[in-house]
>>> print(open('target19.cif').read())   # mmCIF, C-alpha atoms (C1' of nucleotides)
data_work
#
loop_
_atom_site.label_atom_id
_atom_site.label_comp_id
_atom_site.auth_asym_id
_atom_site.auth_seq_id
_atom_site.Cartn_x
_atom_site.Cartn_y
_atom_site.Cartn_z
CA MET V 1 -2.71 -6.93 34.26
CA ALA V 2 -1.64 -4.96 31.26
CA THR V 3 1.59 -6.92 31.36
CA ASP V 4 -0.26 -9.78 29.71
CA GLN V 5 0.14 -8.08 26.37
CA ARG V 6 3.83 -7.50 26.97
CA ARG V 7 4.32 -11.20 27.56
CA VAL V 8 2.71 -12.14 24.26
CA LEU V 9 4.88 -9.69 22.38
CA GLU V 10 7.93 -11.00 24.20
CA LEU V 11 6.98 -14.58 23.34
CA ALA V 12 6.46 -13.68 19.70
CA VAL V 13 9.84 -11.96 19.41
CA LEU V 14 11.86 -14.51 21.34
CA GLY V 15 10.12 -17.35 19.52
CA SER V 16 10.95 -15.84 16.14
CA LEU V 17 14.57 -15.21 17.03
CA HIS V 18 14.91 -18.76 18.29
CA GLU V 19 15.02 -20.06 14.74
CA THR V 20 17.46 -17.55 13.34
CA PRO V 21 18.79 -14.05 14.12
CA LEU V 22 16.79 -11.27 12.48
CA HIS V 23 16.62 -7.52 12.18
CA GLY V 24 13.52 -5.48 12.97
CA TYR V 25 12.10 -5.19 9.49
CA GLU V 26 12.30 -8.87 8.70
CA LEU V 27 11.21 -9.86 12.18
CA ARG V 28 7.97 -8.02 11.55
CA LYS V 29 7.47 -9.59 8.16
CA ARG V 30 8.13 -13.09 9.42
CA LEU V 31 5.92 -12.66 12.43
CA ASN V 32 3.00 -11.29 10.47
CA ALA V 33 3.39 -13.99 7.84
CA LEU V 34 3.48 -16.58 10.61
CA LEU V 35 0.28 -15.33 12.19
CA GLY V 36 -1.57 -14.70 8.96
CA MET V 37 -5.11 -13.50 9.57
CA PHE V 38 -4.84 -13.74 13.34
CA ARG V 39 -2.63 -10.88 14.37
CA ALA V 40 -0.25 -8.22 13.14
CA PHE V 41 2.43 -6.43 15.11
CA SER V 42 3.47 -2.86 14.42
CA TYR V 43 6.88 -1.23 14.55
CA GLY V 44 5.58 0.94 17.35
CA SER V 45 5.39 -2.23 19.47
CA LEU V 46 8.31 -4.20 18.11
CA TYR V 47 11.15 -1.71 18.35
CA PRO V 48 10.44 -0.74 21.98
CA CYS V 49 10.14 -4.43 22.79
CA LEU V 50 13.50 -5.18 21.20
CA LYS V 51 14.99 -2.38 23.26
CA THR V 52 13.78 -3.76 26.58
CA LEU V 53 14.82 -7.30 25.64
CA LEU V 54 18.26 -5.90 24.89
CA GLU V 55 18.41 -4.16 28.26
CA ARG V 56 17.39 -7.34 30.01
CA GLY V 57 20.13 -9.26 28.24
CA LEU V 58 17.73 -11.69 26.55
CA ILE V 59 18.99 -10.73 23.10
CA VAL V 60 22.18 -9.17 21.76
CA GLU V 61 22.85 -6.86 18.84
CA GLU V 62 25.13 -7.81 16.01
CA HIS V 63 26.40 -5.46 13.31
CA PRO V 64 27.50 -7.70 10.51
CA GLN V 65 29.37 -5.19 8.38
CA ALA V 66 28.68 -6.57 4.96
CA VAL V 67 30.97 -5.68 2.08
CA THR V 68 28.52 -3.00 1.15
CA GLY V 69 28.54 -0.54 4.04
CA ARG V 70 24.82 -1.07 4.66
CA SER V 71 24.08 -1.06 8.39
CA LYS V 72 21.68 -3.69 9.59
CA ILE V 73 21.17 -4.51 13.23
CA VAL V 74 20.65 -8.20 13.71
CA TYR V 75 19.27 -9.47 17.01
CA LYS V 76 20.28 -12.83 18.41
CA LEU V 77 18.95 -14.85 21.32
CA THR V 78 21.24 -15.24 24.34
CA ALA V 79 21.27 -18.21 26.70
CA GLU V 80 19.12 -16.22 29.11
CA GLY V 81 16.78 -15.47 26.23
CA LYS V 82 16.35 -19.14 25.49
CA GLU V 83 15.63 -19.80 29.14
CA ARG V 84 13.05 -17.06 29.19
CA LEU V 85 11.44 -18.42 26.04
CA GLN V 86 11.11 -21.85 27.63
CA GLU V 87 9.57 -20.22 30.67
CA LEU V 88 7.03 -18.33 28.58
CA LEU V 89 6.17 -21.44 26.60
CA THR V 90 5.65 -23.50 29.73
CA GLN V 91 3.91 -21.05 32.03
CA ALA V 92 0.98 -20.35 29.74
CA GLY V 93 -1.77 -19.07 32.03
CA PRO V 94 -5.34 -17.95 31.39
CA ALA V 95 -4.03 -14.96 29.44
CA ALA V 96 -3.14 -17.40 26.65
CA TRP V 97 -6.84 -18.18 26.05
CA GLU V 98 -7.59 -14.66 24.85
CA ASP V 99 -7.98 -13.60 21.23
CA GLU V 100 -4.76 -11.60 21.10
CA SER V 101 -2.62 -14.28 22.68
CA PHE V 102 -3.96 -17.62 21.56
CA GLY V 103 -2.74 -17.38 17.97
CA VAL V 104 0.78 -16.54 19.07
CA HIS V 105 0.94 -19.45 21.49
CA PHE V 106 -0.46 -21.76 18.83
CA ALA V 107 2.07 -20.57 16.28
CA PHE V 108 4.86 -21.81 18.54
CA PHE V 109 3.25 -25.13 19.47
CA ARG V 110 6.08 -27.11 17.93
CA HIS V 111 8.29 -25.82 20.75
CA THR V 112 5.62 -26.46 23.39
CA GLU V 113 5.21 -29.56 25.55
CA ALA V 114 2.23 -31.78 24.74
CA GLU V 115 0.73 -31.24 28.17
CA VAL V 116 0.84 -27.46 27.86
CA ARG V 117 -0.57 -27.61 24.33
CA LEU V 118 -3.59 -29.47 25.62
CA ARG V 119 -4.03 -27.04 28.49
CA ILE V 120 -4.01 -24.08 26.12
CA LEU V 121 -6.45 -25.66 23.65
CA GLU V 122 -8.88 -26.61 26.41
CA GLY V 123 -8.58 -23.23 28.06
CA ARG V 124 -9.28 -21.48 24.80
CA ARG V 125 -12.30 -23.67 24.24
CA SER V 126 -13.76 -22.96 27.66
CA ARG V 127 -13.15 -19.25 27.19
CA LEU V 128 -15.11 -19.33 23.94
CA GLU V 129 -17.90 -21.42 25.41
CA GLU V 130 -18.20 -18.98 28.25
CA ARG V 131 -18.53 -16.14 25.79
CA LEU V 132 -21.10 -18.04 23.74
CA GLU V 133 -23.11 -18.60 26.89
CA ASN V 134 -23.13 -14.88 27.72
CA VAL V 135 -24.05 -13.76 24.24
CA ARG V 136 -26.78 -16.39 23.91
CA ALA V 137 -28.26 -15.33 27.23
CA ALA V 138 -28.19 -11.66 26.26
CA LEU V 139 -29.74 -12.55 22.92
CA ALA V 140 -32.56 -14.52 24.53
CA ARG V 141 -33.28 -11.50 26.73
CA THR V 142 -33.48 -8.98 23.87
CA ARG V 143 -34.42 -11.01 20.80
CA GLU V 144 -37.87 -9.48 20.42
CA ARG V 145 -36.42 -5.97 20.27
CA LEU V 146 -33.93 -6.73 17.49
CA ASP V 147 -34.48 -6.20 13.78
CA SER V 148 -33.58 -8.76 11.12
CA TYR V 149 -30.20 -7.21 10.30
CA THR V 150 -29.05 -7.32 13.89
CA LEU V 151 -30.29 -10.87 14.27
CA GLU V 152 -28.36 -11.86 11.17
CA LEU V 153 -25.23 -10.24 12.61
CA GLN V 154 -25.70 -12.12 15.87
CA ARG V 155 -26.34 -15.38 14.06
CA HIS V 156 -23.20 -15.07 11.99
CA GLY V 157 -21.12 -14.08 15.00
CA LEU V 158 -22.31 -17.04 17.03
CA GLU V 159 -21.77 -19.43 14.15
CA SER V 160 -18.20 -18.22 13.68
CA VAL V 161 -17.36 -18.88 17.29
CA GLU V 162 -19.15 -22.23 17.29
CA ARG V 163 -17.03 -23.12 14.30
CA GLU V 164 -13.86 -22.27 16.19
CA VAL V 165 -15.02 -24.46 19.06
CA ARG V 166 -15.50 -27.40 16.69
CA TRP V 167 -12.01 -26.75 15.32
CA LEU V 168 -10.60 -26.83 18.84
CA ASN V 169 -12.47 -30.06 19.53
CA GLU V 170 -10.77 -31.70 16.58
CA LEU V 171 -7.36 -30.44 17.61
CA ILE V 172 -7.87 -31.65 21.18
CA ALA V 173 -8.97 -35.07 19.95
CA THR V 174 -5.87 -35.30 17.76
CA GLU V 175 -3.60 -34.28 20.63
CA ARG V 176 -5.21 -36.85 22.92
CA ARG V 177 -4.84 -39.58 20.33
CA ALA V 178 -1.19 -38.74 19.78
CA SER V 179 -0.56 -38.65 23.51
CA ASN V 180 -2.23 -42.06 24.00
CA GLU V 181 -0.27 -43.65 21.20
CA ALA V 182 2.91 -42.32 22.73
CA SER V 183 2.05 -43.79 26.13
CA ASP V 184 1.43 -47.39 25.01
CA GLU V 185 4.82 -47.98 23.49
CA MET W 1 -6.80 9.21 10.65
CA ALA W 2 -7.34 8.27 14.23
CA THR W 3 -10.66 10.09 14.05
CA ASP W 4 -12.07 7.05 12.26
CA GLN W 5 -12.47 5.32 15.59
CA ARG W 6 -14.17 8.34 17.08
CA ARG W 7 -16.74 8.29 14.32
CA VAL W 8 -17.64 4.66 14.94
CA LEU W 9 -18.10 5.31 18.62
CA GLU W 10 -20.18 8.36 17.82
CA LEU W 11 -22.31 6.36 15.42
CA ALA W 12 -22.82 3.61 17.98
CA VAL W 13 -23.91 6.03 20.69
CA LEU W 14 -26.13 8.22 18.56
CA GLY W 15 -27.65 5.16 16.93
CA SER W 16 -28.49 3.64 20.29
CA LEU W 17 -30.00 6.84 21.64
CA HIS W 18 -32.09 7.21 18.52
CA GLU W 19 -34.43 4.49 19.71
CA THR W 20 -34.82 5.66 23.27
CA PRO W 21 -33.01 7.84 25.82
CA LEU W 22 -30.54 5.93 27.97
CA HIS W 23 -28.04 6.39 30.75
CA GLY W 24 -24.40 5.31 30.51
CA TYR W 25 -24.67 1.96 32.19
CA GLU W 26 -27.59 0.74 30.13
CA LEU W 27 -26.20 2.27 26.96
CA ARG W 28 -23.17 0.05 27.35
CA LYS W 29 -25.24 -3.03 28.03
CA ARG W 30 -27.52 -2.44 25.05
CA LEU W 31 -24.65 -1.70 22.72
CA ASN W 32 -22.67 -4.75 23.70
CA ALA W 33 -25.76 -6.93 23.48
CA LEU W 34 -26.47 -5.45 20.06
CA LEU W 35 -22.99 -6.21 18.76
CA GLY W 36 -22.68 -9.62 20.36
CA MET W 37 -19.43 -11.32 19.44
CA PHE W 38 -18.27 -8.51 17.20
CA ARG W 39 -17.31 -5.68 19.52
CA ALA W 40 -17.52 -4.38 23.04
CA PHE W 41 -17.23 -0.81 24.22
CA SER W 42 -15.77 0.15 27.57
CA TYR W 43 -16.76 2.89 29.99
CA GLY W 44 -13.40 4.47 29.38
CA SER W 45 -14.57 5.16 25.83
CA LEU W 46 -18.27 5.73 26.37
CA TYR W 47 -18.28 8.33 29.11
CA PRO W 48 -15.76 10.66 27.42
CA CYS W 49 -17.71 10.24 24.20
CA LEU W 50 -20.97 11.20 25.92
CA LYS W 51 -19.23 14.28 27.30
CA THR W 52 -18.08 15.52 23.90
CA LEU W 53 -21.47 14.81 22.34
CA LEU W 54 -23.00 16.87 25.13
CA GLU W 55 -20.61 19.74 24.46
CA ARG W 56 -21.42 19.62 20.77
CA GLY W 57 -25.12 19.77 21.54
CA LEU W 58 -25.90 16.47 19.85
CA ILE W 59 -27.40 15.05 23.03
CA VAL W 60 -28.88 16.56 26.19
CA GLU W 61 -28.89 15.42 29.79
CA GLU W 62 -32.07 14.75 31.67
CA HIS W 63 -32.33 14.18 35.41
CA PRO W 64 -35.63 12.44 35.92
CA GLN W 65 -35.90 12.70 39.71
CA ALA W 66 -37.70 9.49 40.49
CA VAL W 67 -39.68 9.18 43.69
CA THR W 68 -36.70 7.49 45.21
CA GLY W 69 -33.93 10.07 45.25
CA ARG W 70 -31.74 7.89 43.02
CA SER W 71 -29.88 10.06 40.53
CA LYS W 72 -29.66 8.76 36.99
CA ILE W 73 -28.46 10.83 34.09
CA VAL W 74 -30.43 10.05 30.97
CA TYR W 75 -29.11 11.18 27.60
CA LYS W 76 -31.44 12.13 24.78
CA LEU W 77 -30.82 12.89 21.13
CA THR W 78 -31.36 16.49 20.00
CA ALA W 79 -32.46 17.56 16.51
CA GLU W 80 -28.80 18.23 15.67
CA GLY W 81 -27.94 14.80 16.97
CA LYS W 82 -30.45 13.20 14.64
CA GLU W 83 -29.01 15.16 11.74
CA ARG W 84 -25.51 14.06 12.63
CA LEU W 85 -26.65 10.45 12.87
CA GLN W 86 -28.13 10.63 9.38
CA GLU W 87 -24.86 12.12 8.16
CA LEU W 88 -22.81 9.33 9.73
CA LEU W 89 -25.14 6.69 8.33
CA THR W 90 -24.96 8.13 4.83
CA GLN W 91 -21.32 9.11 4.55
CA ALA W 92 -19.92 5.66 5.22
CA GLY W 93 -16.42 5.71 3.72
CA PRO W 94 -13.67 3.09 3.47
CA ALA W 95 -13.26 3.21 7.25
CA ALA W 96 -16.55 1.31 7.49
CA TRP W 97 -15.01 -1.75 5.83
CA GLU W 98 -12.63 -2.37 8.72
CA ASP W 99 -13.12 -4.97 11.44
CA GLU W 100 -13.82 -2.50 14.22
CA SER W 101 -16.35 -0.49 12.22
CA PHE W 102 -18.20 -2.89 9.99
CA GLY W 103 -20.21 -4.57 12.73
CA VAL W 104 -21.42 -1.24 14.07
CA HIS W 105 -22.51 -0.03 10.65
CA PHE W 106 -24.24 -3.34 10.01
CA ALA W 107 -26.03 -3.21 13.34
CA PHE W 108 -27.73 0.01 12.24
CA PHE W 109 -28.58 -1.11 8.72
CA ARG W 110 -32.28 -0.72 9.32
CA HIS W 111 -31.69 3.04 9.46
CA THR W 112 -29.41 3.01 6.41
CA GLU W 113 -30.39 3.62 2.80
CA ALA W 114 -30.33 0.58 0.52
CA GLU W 115 -27.68 2.11 -1.69
CA VAL W 116 -25.34 2.75 1.22
CA ARG W 117 -25.94 -0.72 2.62
CA LEU W 118 -24.81 -2.23 -0.65
CA ARG W 119 -21.74 0.01 -0.77
CA ILE W 120 -20.70 -1.04 2.72
CA LEU W 121 -21.21 -4.75 2.07
CA GLU W 122 -19.25 -4.62 -1.17
CA GLY W 123 -16.51 -2.54 0.37
CA ARG W 124 -16.17 -4.96 3.25
CA ARG W 125 -15.98 -7.84 0.83
CA SER W 126 -13.25 -6.26 -1.24
CA ARG W 127 -11.30 -5.43 1.91
CA LEU W 128 -11.43 -9.06 2.99
CA GLU W 129 -10.52 -10.33 -0.47
CA GLU W 130 -7.55 -8.01 -0.51
CA ARG W 131 -6.41 -9.39 2.81
CA LEU W 132 -6.90 -12.97 1.63
CA GLU W 133 -4.77 -12.19 -1.39
CA ASN W 134 -1.93 -10.87 0.75
CA VAL W 135 -1.97 -13.73 3.22
CA ARG W 136 -2.18 -16.34 0.46
CA ALA W 137 0.78 -14.76 -1.31
CA ALA W 138 2.83 -14.65 1.89
CA LEU W 139 1.88 -18.24 2.61
CA ALA W 140 2.95 -19.39 -0.84
CA ARG W 141 6.30 -17.71 -0.28
CA THR W 142 6.99 -19.32 3.11
CA ARG W 143 5.01 -22.55 3.09
CA GLU W 144 8.04 -24.83 3.03
CA ARG W 145 9.45 -23.23 6.19
CA LEU W 146 6.27 -23.70 8.23
CA ASP W 147 5.49 -26.58 10.56
CA SER W 148 2.17 -28.41 10.64
CA TYR W 149 0.76 -26.38 13.56
CA THR W 150 1.40 -23.08 11.84
CA LEU W 151 -0.07 -24.40 8.60
CA GLU W 152 -3.17 -25.51 10.47
CA LEU W 153 -3.46 -22.03 12.00
CA GLN W 154 -3.13 -20.43 8.59
CA ARG W 155 -5.65 -22.81 7.08
CA HIS W 156 -8.23 -22.11 9.74
CA GLY W 157 -7.68 -18.37 9.52
CA LEU W 158 -8.13 -18.34 5.77
CA GLU W 159 -11.23 -20.51 5.97
CA SER W 160 -12.81 -18.20 8.51
CA VAL W 161 -12.35 -15.21 6.28
CA GLU W 162 -13.48 -17.11 3.20
CA ARG W 163 -16.59 -17.98 5.14
CA GLU W 164 -17.25 -14.33 5.89
CA VAL W 165 -16.86 -13.53 2.21
CA ARG W 166 -19.49 -16.14 1.33
CA TRP W 167 -21.77 -14.64 3.95
CA LEU W 168 -21.31 -11.20 2.41
CA ASN W 169 -22.05 -12.63 -1.04
CA GLU W 170 -25.37 -13.93 0.19
CA LEU W 171 -26.25 -10.65 1.84
CA ILE W 172 -25.33 -8.72 -1.29
CA ALA W 173 -27.44 -11.03 -3.45
CA THR W 174 -30.40 -10.55 -1.12
CA GLU W 175 -30.00 -6.78 -1.16
CA ARG W 176 -29.82 -6.77 -4.95
CA ARG W 177 -32.91 -8.94 -5.24
CA ALA W 178 -34.86 -6.68 -2.88
CA SER W 179 -33.73 -3.60 -4.73
CA ASN W 180 -34.78 -5.07 -8.10
CA GLU W 181 -38.19 -6.10 -6.81
CA ALA W 182 -38.69 -2.59 -5.53
CA SER W 183 -37.79 -1.07 -8.89
CA ASP W 184 -40.25 -3.04 -11.02
CA GLU W 185 -43.37 -1.98 -9.24
"C1'" DG S 1 24.12 7.31 -16.89
"C1'" DC S 2 20.13 8.99 -14.70
"C1'" DG S 3 15.55 9.39 -12.65
"C1'" DT S 4 12.19 7.06 -10.21
"C1'" DC S 5 9.58 3.79 -8.00
"C1'" DG S 6 8.92 0.26 -4.61
"C1'" DA S 7 11.07 -2.58 -1.21
"C1'" DT S 8 14.18 -2.54 2.59
"C1'" DG S 9 15.50 -0.58 6.91
"C1'" DT S 10 15.45 2.09 11.64
"C1'" DA S 11 13.01 4.91 14.75
"C1'" DT S 12 9.65 7.94 17.31
"C1'" DC S 13 5.38 10.44 18.71
"C1'" DG S 14 0.85 11.46 20.14
"C1'" DG S 15 -4.01 10.25 20.06
"C1'" DG S 16 -6.92 7.32 21.89
"C1'" DC S 17 -8.58 2.78 23.80
"C1'" DC S 18 -9.58 0.04 27.79
"C1'" DG S 19 -8.60 -2.65 32.11
"C1'" DA S 20 -8.59 -1.56 36.66
"C1'" DT S 21 -10.35 0.90 40.12
"C1'" DA S 22 -13.15 3.68 43.43
"C1'" DC S 23 -17.33 4.68 45.33
"C1'" DA S 24 -22.42 4.63 46.17
"C1'" DT S 25 -27.12 2.66 46.02
"C1'" DC S 26 -30.49 -0.87 45.27
"C1'" DT S 27 -32.22 -5.71 45.24
"C1'" DT S 28 -32.29 -10.31 46.35
"C1'" DG S 29 -32.17 -14.09 49.22
"C1'" DA S 30 -30.25 -16.76 52.99
"C1'" DT R 1 -30.22 -8.34 59.00
"C1'" DC R 2 -26.36 -9.02 56.55
"C1'" DA R 3 -23.77 -10.11 52.39
"C1'" DA R 4 -23.33 -10.39 47.74
"C1'" DG R 5 -24.08 -8.88 43.33
"C1'" DA R 6 -26.32 -5.93 40.01
"C1'" DT R 7 -26.88 -1.07 38.95
"C1'" DG R 8 -24.78 3.33 38.29
"C1'" DT R 9 -21.14 7.26 37.41
"C1'" DA R 10 -16.50 8.44 36.64
"C1'" DT R 11 -11.34 8.68 35.99
"C1'" DC R 12 -6.46 7.37 35.35
"C1'" DG R 13 -2.33 5.40 33.53
"C1'" DG R 14 -0.24 2.06 30.66
"C1'" DC R 15 0.24 0.77 26.34
"C1'" DC R 16 -0.88 -0.01 21.34
"C1'" DC R 17 -0.39 1.40 16.70
"C1'" DG R 18 -1.13 4.45 12.56
"C1'" DA R 19 1.34 7.95 10.69
"C1'" DT R 20 5.41 9.82 9.75
"C1'" DA R 21 10.30 10.90 8.74
"C1'" DC R 22 14.40 9.69 6.75
"C1'" DA R 23 17.86 6.85 4.27
"C1'" DT R 24 19.65 3.20 1.14
"C1'" DC R 25 19.16 -0.32 -2.37
"C1'" DG R 26 17.82 -2.89 -6.67
"C1'" DA R 27 15.61 -2.87 -10.95
"C1'" DC R 28 13.69 -0.93 -14.77
"C1'" DG R 29 13.10 2.06 -18.65
"C1'" DC R 30 14.98 5.51 -21.58
#
>>> encode(input="target19.cif", output="structure tokens")
Amino acid sequence: MATDQRRVLELAVLGSLHETPLHGYELRKRLNALLGMFRAFSYGSLYPCLKTLLERGLIVEEHPQAVTGRSKIVYKLTAEGKERLQELLTQAGPAAWEDESFGVHFAFFRHTEAEVRLRILEGRRSRLEERLENVRAALARTRERLDSYTLELQRHGLESVEREVRWLNELIATERRASNEASDE
Amino acid sequence: MATDQRRVLELAVLGSLHETPLHGYELRKRLNALLGMFRAFSYGSLYPCLKTLLERGLIVEEHPQAVTGRSKIVYKLTAEGKERLQELLTQAGPAAWEDESFGVHFAFFRHTEAEVRLRILEGRRSRLEERLENVRAALARTRERLDSYTLELQRHGLESVEREVRWLNELIATERRASNEASDE
DNA sequence: GCGTCGATGTATCGGGCCGATACATCTTGA
DNA sequence: TCAAGATGTATCGGCCCGATACATCGACGC
């Protein structure tokens, strides 16, 4: 579905507003700072998203008229919004393994249950391994036809993804350790 | 401009057809195999692109009626198409430094002049360094507010990009060495 | 005081990408 | 002989995002 992308955006916005009410401009700054090199959201996505969240009653507008007459529109999470956020954090499906979504889910891990965290990390890893498999197979099929530049590109691409898999392995091990320690009290 | 993306697609298609005539389905397979983990093109982009290239006379259709009546449409580069390809390979501007374009340009480096190769590699590097700068600055500003998961995400993101910069440094050094060896004959 | 520059702030539009889909043929193997 | 999956051509609609417009604010120099 194309609604997968909508859900990520929704999660990102609701998750950000969970901490503290924000207006559009700062929401974008915070979100992009939070995600760093992984993702960036544009106004063209954020403002329409805020509008639909408003219509659905998940957030409310506030016009704090400061002493200076400057008009800022601050958005605040409603009770329904918090519920929806919990739902999004819990029901992380296969869509959360993808490049565009994974970073957002990860960025809100502190609000996510340990079980779901593990599911997302393992799903992401299997998604990457699947992709590695495909690319390696395609490479084996066409290696003789490729020049040294293309091979170098392929090599670097594969290495980058392998590196992310190793990173995920470490994270998964850490999660498992923490979960075991918690269980033998 | 939004035409930047068009140019990359054009380059990818013309570059692929330069080797050998292809039909849509195999063009896509070859291209995606060529780019590996870096990019993938969809039919929704490729077929419209082929149509405009056809209209502009840069490629021509061929209907090789095989013994079996199976209809395949093979596209072949024209003289104008080859000219245009050379133009695209040579006039690589700042757009070529971006994520979506760099891999495609790199994949056709064997058809690119040494001088242009160096320009693209250095441009890509400075683009990444610029981005690192921004993210590091934002991180320094907000570090205290971030939880350990987000910090780990940031750390991994930065390391990935730093790794790509080191890769570019090696490639640039190799290019320079080759270019120097060529000059003292 | 005054000009100006960059950051802050809200908002929209259109070009273009791509997932999903439809449909047809060929090959493979059970 | 039948089904499944690869090969093959093609389009459509939803949605993303760069570009843009417009306005205010703080700081700085002069």
>>> residues_around(input="target19.cif", residues="W:Glu26", least_positions_apart="6", cutoff="10 Å", atoms="all atoms listed in the file", output="list of chain:residue names")
W:Asn32, W:Val74, R:DT7, R:DG8
>>> resolve_selection(input="target19.cif", expression="the PyMOL selection byres ((chain W) within 12 of (chain R))", output="list of chain:residue names")
W:Met1, W:Ala2, W:Thr3, W:Asp4, W:Gln5, W:His23, W:Gly24, W:Tyr25, W:Glu26, W:Leu27, W:Arg28, W:Lys29, W:Tyr43, W:Gly44, W:Ser45, W:Leu46, W:Tyr47, W:Pro48, W:Leu50, W:Lys51, W:Arg70, W:Ser71, W:Lys72, W:Ile73, W:Val74
>>> resolve_selection(input="target19.cif", expression="the PyMOL selection byres ((chain V) within 9 of (chain W))", output="MDAnalysis selection string")
chainID V and resid 30 33:38 103 106:110 131:132 135:136 138:139 142 146:151 153:154 156:158 160:161 163:164 167
>>> atom_distance(input="target19.cif", atom1="atom CA of W:Ile172", atom2="atom CA of W:Leu118")
6.5 Å
>>> resolve_selection(input="target19.cif", expression="the PyMOL selection byres ((chain S) within 8 of (chain V))", output="ChimeraX atom specification")
/S:8-11,19
>>> closest_residue(input="target19.cif", among="V:Arg39, V:His105, V:Arg6, V:Arg125", to="V:Glu170", atoms="all atoms listed in the file")
V:Arg125
>>> residues_around(input="target19.cif", residues="V:Leu89", least_positions_apart="5", cutoff="10 Å", atoms="all atoms listed in the file", output="number ranges by chain")
V: 11, 15, 83-84, 105, 108-109, 111-113, 116-117
>>> atom_distance(input="target19.cif", atom1="atom CA of W:Leu88", atom2="atom CA of W:Ala12")
10.0 Å
>>> closest_residue(input="target19.cif", among="V:Ala140, V:Ala96, V:Arg127, V:Cys49", to="V:Tyr75", atoms="all atoms listed in the file")
V:Cys49
>>> atom_distance(input="target19.cif", atom1="atom CA of W:Ile59", atom2="atom CA of W:Gly81")
6.1 Å
>>> closest_residue(input="target19.cif", among="W:Val165, W:Leu121, W:Ala114, W:Ala95", to="W:Ala178", atoms="all atoms listed in the file")
W:Ala114
